[in-house]
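Q: Okay, handing you the structure first.
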Amino acid sequence: MRHVTTIAAVCLLLSICTSAPQAAPRDLAPIVLPKAATPGKDVQPFVKIDAPVVALTHVRVIDGTGAPARANQTLVIKNGKIAAMGNDGIAIPTDAKRIDLYGHTVFPGLVGMHDHLFYIARPNLAADPKNGQLQSDPPLIVPEMAFSAPRLYLANGVTTLRTTGSVEPYTDINLKHDIDAGKLPGPHIDVTGPYLEGSNSPFIQMHFLRDAEDARNTVAFWAEQGATSFKAYMNITRAELKAAVDEAHSLGLKVTGHLCAVTYREAAEIGIDDLEHGFFVNTEHDPGKAEDTCTESDGLATLYAMDPGGSDAKDLIKDLVVHHVAVTSTLPVFEQMVLNHSPLWPQAMATLSPQAELDYMLLREHTNALPADQAKKRAVTFQHGMAMEREFAAAGGLLLAGPDPTGNGGVIPGFGDLREVELLVEEGFTPEQAIRIASYNGALYLGLQDRIGSIAKGKDADLVVVKGDPSTHIDDIENVETVFKDGTGYDTQALLKSVQGRYGEY
């Protein structure tokens with residue numbers, strides 16, 4: 001495994017090289033992290049630990065700062081906050097509920113920065129008998145997973161997330177309110193408004209922006225409805241993007257983007273705050289790229305041809321860092337394009353609906369049957385994407401993390417977030433650094449770093465308990481047993497059992 005440079009490690013540990021957020025940010029803490037409500041009757045079946053004072057003893061701690069793991073630690077949780085932390089033997093209140101976690105590890109609740117609440121369905125997905133290519137009948141349908149997705153996220157340690165694009169924004173807003181009120185189980189949510197999408201989109205459920213004024217008005221309207229972030233999408237134009245960014249910034253909110261018609265450099269110059277999907281969707285050098293027009297390769301041609309250590313890559317990364325643009329790594333979704341790279345995780349597969357599982361296996365088999373030259377090209381592109389993310393972090397860029405669970409059954413809410421951490425380690429980060437990227441960096445971007453993202457006295461008790469030691473065996477991160485949110489411990493297996501066979505259905 002190749003690890004990041006010493007400079008990059010220092011950047012991750014101390015934040016001295018981390019780009020500051022560009023917009024004058026609104027304080028999102030009262031909205032995203034409101035005062036915890038008492039779990040209601042529909043949440044109680046998933047509560048495992050509910051006591052005013054809890055002591056976790058004999059546990060290994062990965063604190064989310066990037067520092068090495070510390071063994072034989074005790075954490076004291078009081079009224080939803082971390083009241084004390086130190087070596088075993090520190091004073092424990094006499095009224096504390098003691099939980100011996102020998103052989104276990106605690107790390108901060110993950111802050112998922114590309115965590116959707118929907119699933120993309122492809123009607124009548126099948127292989128064309130004439131050419132073997134996969135095809136489906138139009139239109140693409142995007143059903144909301146308001147039941148299964150929040151439970152899957154919470155079960156796997158995601159205690160805060162950004163929806164990063166919404167197809168049913170009112171559903172997402174109302175779902176957040178019900179979770180905050182203790183009516184439903186789920187994580188804290190930063191609700192992204194509806195996709196800011198231009199014309200020629202394949203998604204019939206999206207609003208297609210008419211012009212820059214429409215973009216501005218859309219941001220203003222949904223901010224008033226309760227959206228706390230926005231996402232530009234593939235066919236947005238530069239003028240529309242600028243209007244959206246300017247309006248969002250005037251409200252103290254941020255804009256991210258899964259771009260295609262607009263290149264990374266153009267978006268950075270406009271003032272975008274974040275770019276989704278690492279460096280996989282930068283179309284700057286795609287064949288036939290025209291202004292304000294998406295390309296057929298959606299950026300993969302540019303990435304395949306780019307030398308991650310070359311001058312063009314360095315100039316692009318420098319441009320993003322200078323403009324304080326964060327980048328969200330979504331490796332699990334791009335892993336799906338690589339032959340036999342994505343594992344078949346039985347516990348994750350068990351959550352899929354029968355149709356979703358059937359569709360995923362068809363997509364997987366199609367990828368695994370690709371001709372050797374195509375398979376090699378995809379593998380090289382994936383490696384370039386990983387290398388570019390490493391170089392971005394080494395240059396001081398703020399790297400965020402999220403899996404992008406959409407319409408591929410290999411990327412499932414929660415499970416995908418854990419897989420993202422594993423892939424960051426494969427990318428070259430230490431396990432502790434990878435967990436920081438998936439927790440603290442997201443909190444920092446959202447301006448919530450004083451409350452969540454790392455384990456320290458006074459912070460919210462949003463914690464993940466796993467069996468084993470991810471600092472030496474990163475796949476131990478999969479062994480989630482208990483997830484604390486606001487000091488309440490939730491039962492992972494109970495949450496997973498409640499949605500078994502349902503993801504992709506509702």
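Quick note on naming: the chains in the structure tokens go A, B, ... in the order shown, residues restart at 1 in each chain, and ligands are numbered from 1 in order of appearance.
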Leaving out stretch 324-331 of chain A and any residue of its chain fewer than 4 positions from it, which residues lie within 7 Å of it when counting only C-alpha atoms, given as a list in words?
A: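 So, after excluding close chain neighbours, the residues are Ser19, Ala20, Pro21, Gln22, Ala268, Ile272, Asp273, Asp274, Leu275, Glu276, His277, Gly278, Leu320, Glu335, Gly397, Leu398, Leu399, Leu400, Ala401, Gly402, Pro403, Asp404, Glu420 and Leu423 of chain A.
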Q: Could you list, as number ranges by chain, every residue within 7 Å of stretch 62-77 of chain A, counting only C-alpha atoms and ignoring same-chain residues fewer than 6 positions away?
A: A: 12-13, 53-56, 83-88, 106-108, 432-433, 435-436, 439-440, 453-455, 461, 471, 487
Q: For a quick check of understanding, using only C-alpha atoms, which of A:Ile120, A:Leu140, A:Val167, A:Ile452 has the smallest distance to A:Tyr503?
A: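 For A:Tyr503, the nearest of the candidates is A:Ile120.
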Q: When DSSP works through the backbone of this structure, what residues of stretch 153-193 of chain A end up as alpha helix (DSSP H), shown as a list in words?
A: Tyr153, Leu154, Ala155, Pro169, Tyr170, Thr171, Asp172, Ile173, Asn174, Leu175, Lys176, His177, Asp178, Ile179 and Asp180 of chain A
Q: I need the residues from that last selection saved to file as a compact mmCIF listing (two decimals), in the first residue's frame (with N, CA and C atoms), if you can.
A:
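File produced: selection_35.txt:
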```
# COMPACT_ATOMS: atom_id res chain seq x y z
N TYR A 153 -28.35 4.14 7.00
CA TYR A 153 -27.27 5.07 7.35
C TYR A 153 -26.95 4.97 8.83
N LEU A 154 -27.98 5.09 9.67
CA LEU A 154 -27.75 5.07 11.11
C LEU A 154 -27.16 3.74 11.56
N ALA A 155 -27.64 2.65 11.01
CA ALA A 155 -27.15 1.33 11.40
C ALA A 155 -25.66 1.17 11.16
N PRO A 169 -37.68 17.00 -2.51
CA PRO A 169 -37.18 17.87 -1.43
C PRO A 169 -38.14 18.04 -0.27
N TYR A 170 -39.44 18.10 -0.56
CA TYR A 170 -40.38 18.22 0.56
C TYR A 170 -40.33 16.97 1.44
N THR A 171 -40.19 15.81 0.81
CA THR A 171 -40.08 14.57 1.58
C THR A 171 -38.85 14.62 2.47
N ASP A 172 -37.72 15.04 1.90
CA ASP A 172 -36.47 15.09 2.67
C ASP A 172 -36.59 16.06 3.84
N ILE A 173 -37.19 17.22 3.61
CA ILE A 173 -37.35 18.21 4.67
C ILE A 173 -38.25 17.68 5.78
N ASN A 174 -39.38 17.08 5.40
CA ASN A 174 -40.30 16.55 6.41
C ASN A 174 -39.71 15.34 7.14
N LEU A 175 -38.94 14.53 6.40
CA LEU A 175 -38.28 13.38 7.03
C LEU A 175 -37.29 13.87 8.09
N LYS A 176 -36.52 14.88 7.74
CA LYS A 176 -35.57 15.44 8.71
C LYS A 176 -36.29 15.90 9.97
N HIS A 177 -37.40 16.60 9.79
CA HIS A 177 -38.14 17.10 10.95
C HIS A 177 -38.65 15.96 11.83
N ASP A 178 -39.12 14.88 11.22
CA ASP A 178 -39.62 13.75 12.00
C ASP A 178 -38.49 13.03 12.73
N ILE A 179 -37.32 12.93 12.10
CA ILE A 179 -36.17 12.33 12.78
C ILE A 179 -35.75 13.21 13.95
N ASP A 180 -35.67 14.52 13.71
CA ASP A 180 -35.28 15.44 14.77
C ASP A 180 -36.26 15.41 15.94
```
Q: Would you mind reading off the distance between atom CA of A:Leu300 and atom CA of A:Met388, one decimal, in Å?
A: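 The value is 13.0 Å.
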Q: May I have the residues within 12 Å of A:Phe484 as a ChimeraX atom specification, using only C-alpha atoms and disregarding those fewer than 3 positions away in the same chain?
A: /A:46-51,54,56,77,80-82,106-110,154-160,186-187,460-466,480-481,487-492
Q: Take the selection from the previous step and output its residues with C-alpha atoms, as a JSON list (two decimals), in the first residue's frame.
A:
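The result, written out as part.json:
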```json
[["chain", "number", "residue", "atom", "x", "y", "z"],
["A", 46, "PHE", "CA", -33.93, 0.23, 17.95],
["A", 47, "VAL", "CA", -32.59, 1.79, 21.13],
["A", 48, "LYS", "CA", -29.93, -0.38, 22.74],
["A", 49, "ILE", "CA", -28.41, 1.97, 25.32],
["A", 50, "ASP", "CA", -30.39, 4.82, 26.86],
["A", 51, "ALA", "CA", -29.00, 6.13, 30.13],
["A", 54, "VAL", "CA", -22.66, 5.89, 30.15],
["A", 56, "LEU", "CA", -17.36, 2.90, 27.68],
["A", 77, "ILE", "CA", -21.04, 10.13, 28.02],
["A", 80, "GLY", "CA", -25.63, 13.36, 25.08],
["A", 81, "LYS", "CA", -22.14, 14.85, 25.33],
["A", 82, "ILE", "CA", -18.65, 13.44, 25.83],
["A", 106, "VAL", "CA", -14.81, 3.58, 18.90],
["A", 107, "PHE", "CA", -14.56, 6.27, 16.22],
["A", 108, "PRO", "CA", -16.63, 9.41, 15.46],
["A", 109, "GLY", "CA", -19.99, 9.13, 13.76],
["A", 110, "LEU", "CA", -19.43, 9.42, 10.02],
["A", 154, "LEU", "CA", -27.75, 5.07, 11.11],
["A", 155, "ALA", "CA", -27.15, 1.33, 11.40],
["A", 156, "ASN", "CA", -23.75, 1.68, 9.76],
["A", 157, "GLY", "CA", -22.48, 4.65, 11.70],
["A", 158, "VAL", "CA", -23.56, 7.66, 9.63],
["A", 159, "THR", "CA", -24.81, 10.08, 12.28],
["A", 160, "THR", "CA", -24.87, 13.17, 10.04],
["A", 186, "GLY", "CA", -32.15, 8.23, 11.29],
["A", 187, "PRO", "CA", -29.16, 10.56, 11.23],
["A", 460, "ASP", "CA", -21.71, 15.56, 20.89],
["A", 461, "ALA", "CA", -21.63, 11.86, 21.68],
["A", 462, "ASP", "CA", -22.00, 10.69, 18.07],
["A", 463, "LEU", "CA", -19.92, 7.52, 18.07],
["A", 464, "VAL", "CA", -19.54, 4.21, 16.26],
["A", 465, "VAL", "CA", -18.62, 1.01, 18.10],
["A", 466, "VAL", "CA", -17.10, -1.80, 16.03],
["A", 480, "VAL", "CA", -20.59, -2.19, 13.50],
["A", 481, "GLU", "CA", -22.45, -3.18, 16.67],
["A", 487, "GLY", "CA", -25.61, 9.85, 23.46],
["A", 488, "THR", "CA", -28.31, 7.28, 22.67],
["A", 489, "GLY", "CA", -26.97, 3.92, 21.52],
["A", 490, "TYR", "CA", -28.77, 2.30, 18.58],
["A", 491, "ASP", "CA", -28.75, -1.41, 17.75],
["A", 492, "THR", "CA", -27.24, -1.97, 14.31]]
```
Q: Which residue out of A:Pro45, A:Gly89, A:Gly226, A:Gly410 has the minimum interatomic distance to A:Leu363 when only C-alpha atoms are used?
A: A:Gly410
Q: Distance atom CA of A:Leu117-atom CA of A:Pro332, one decimal place?
A: 16.4 Å
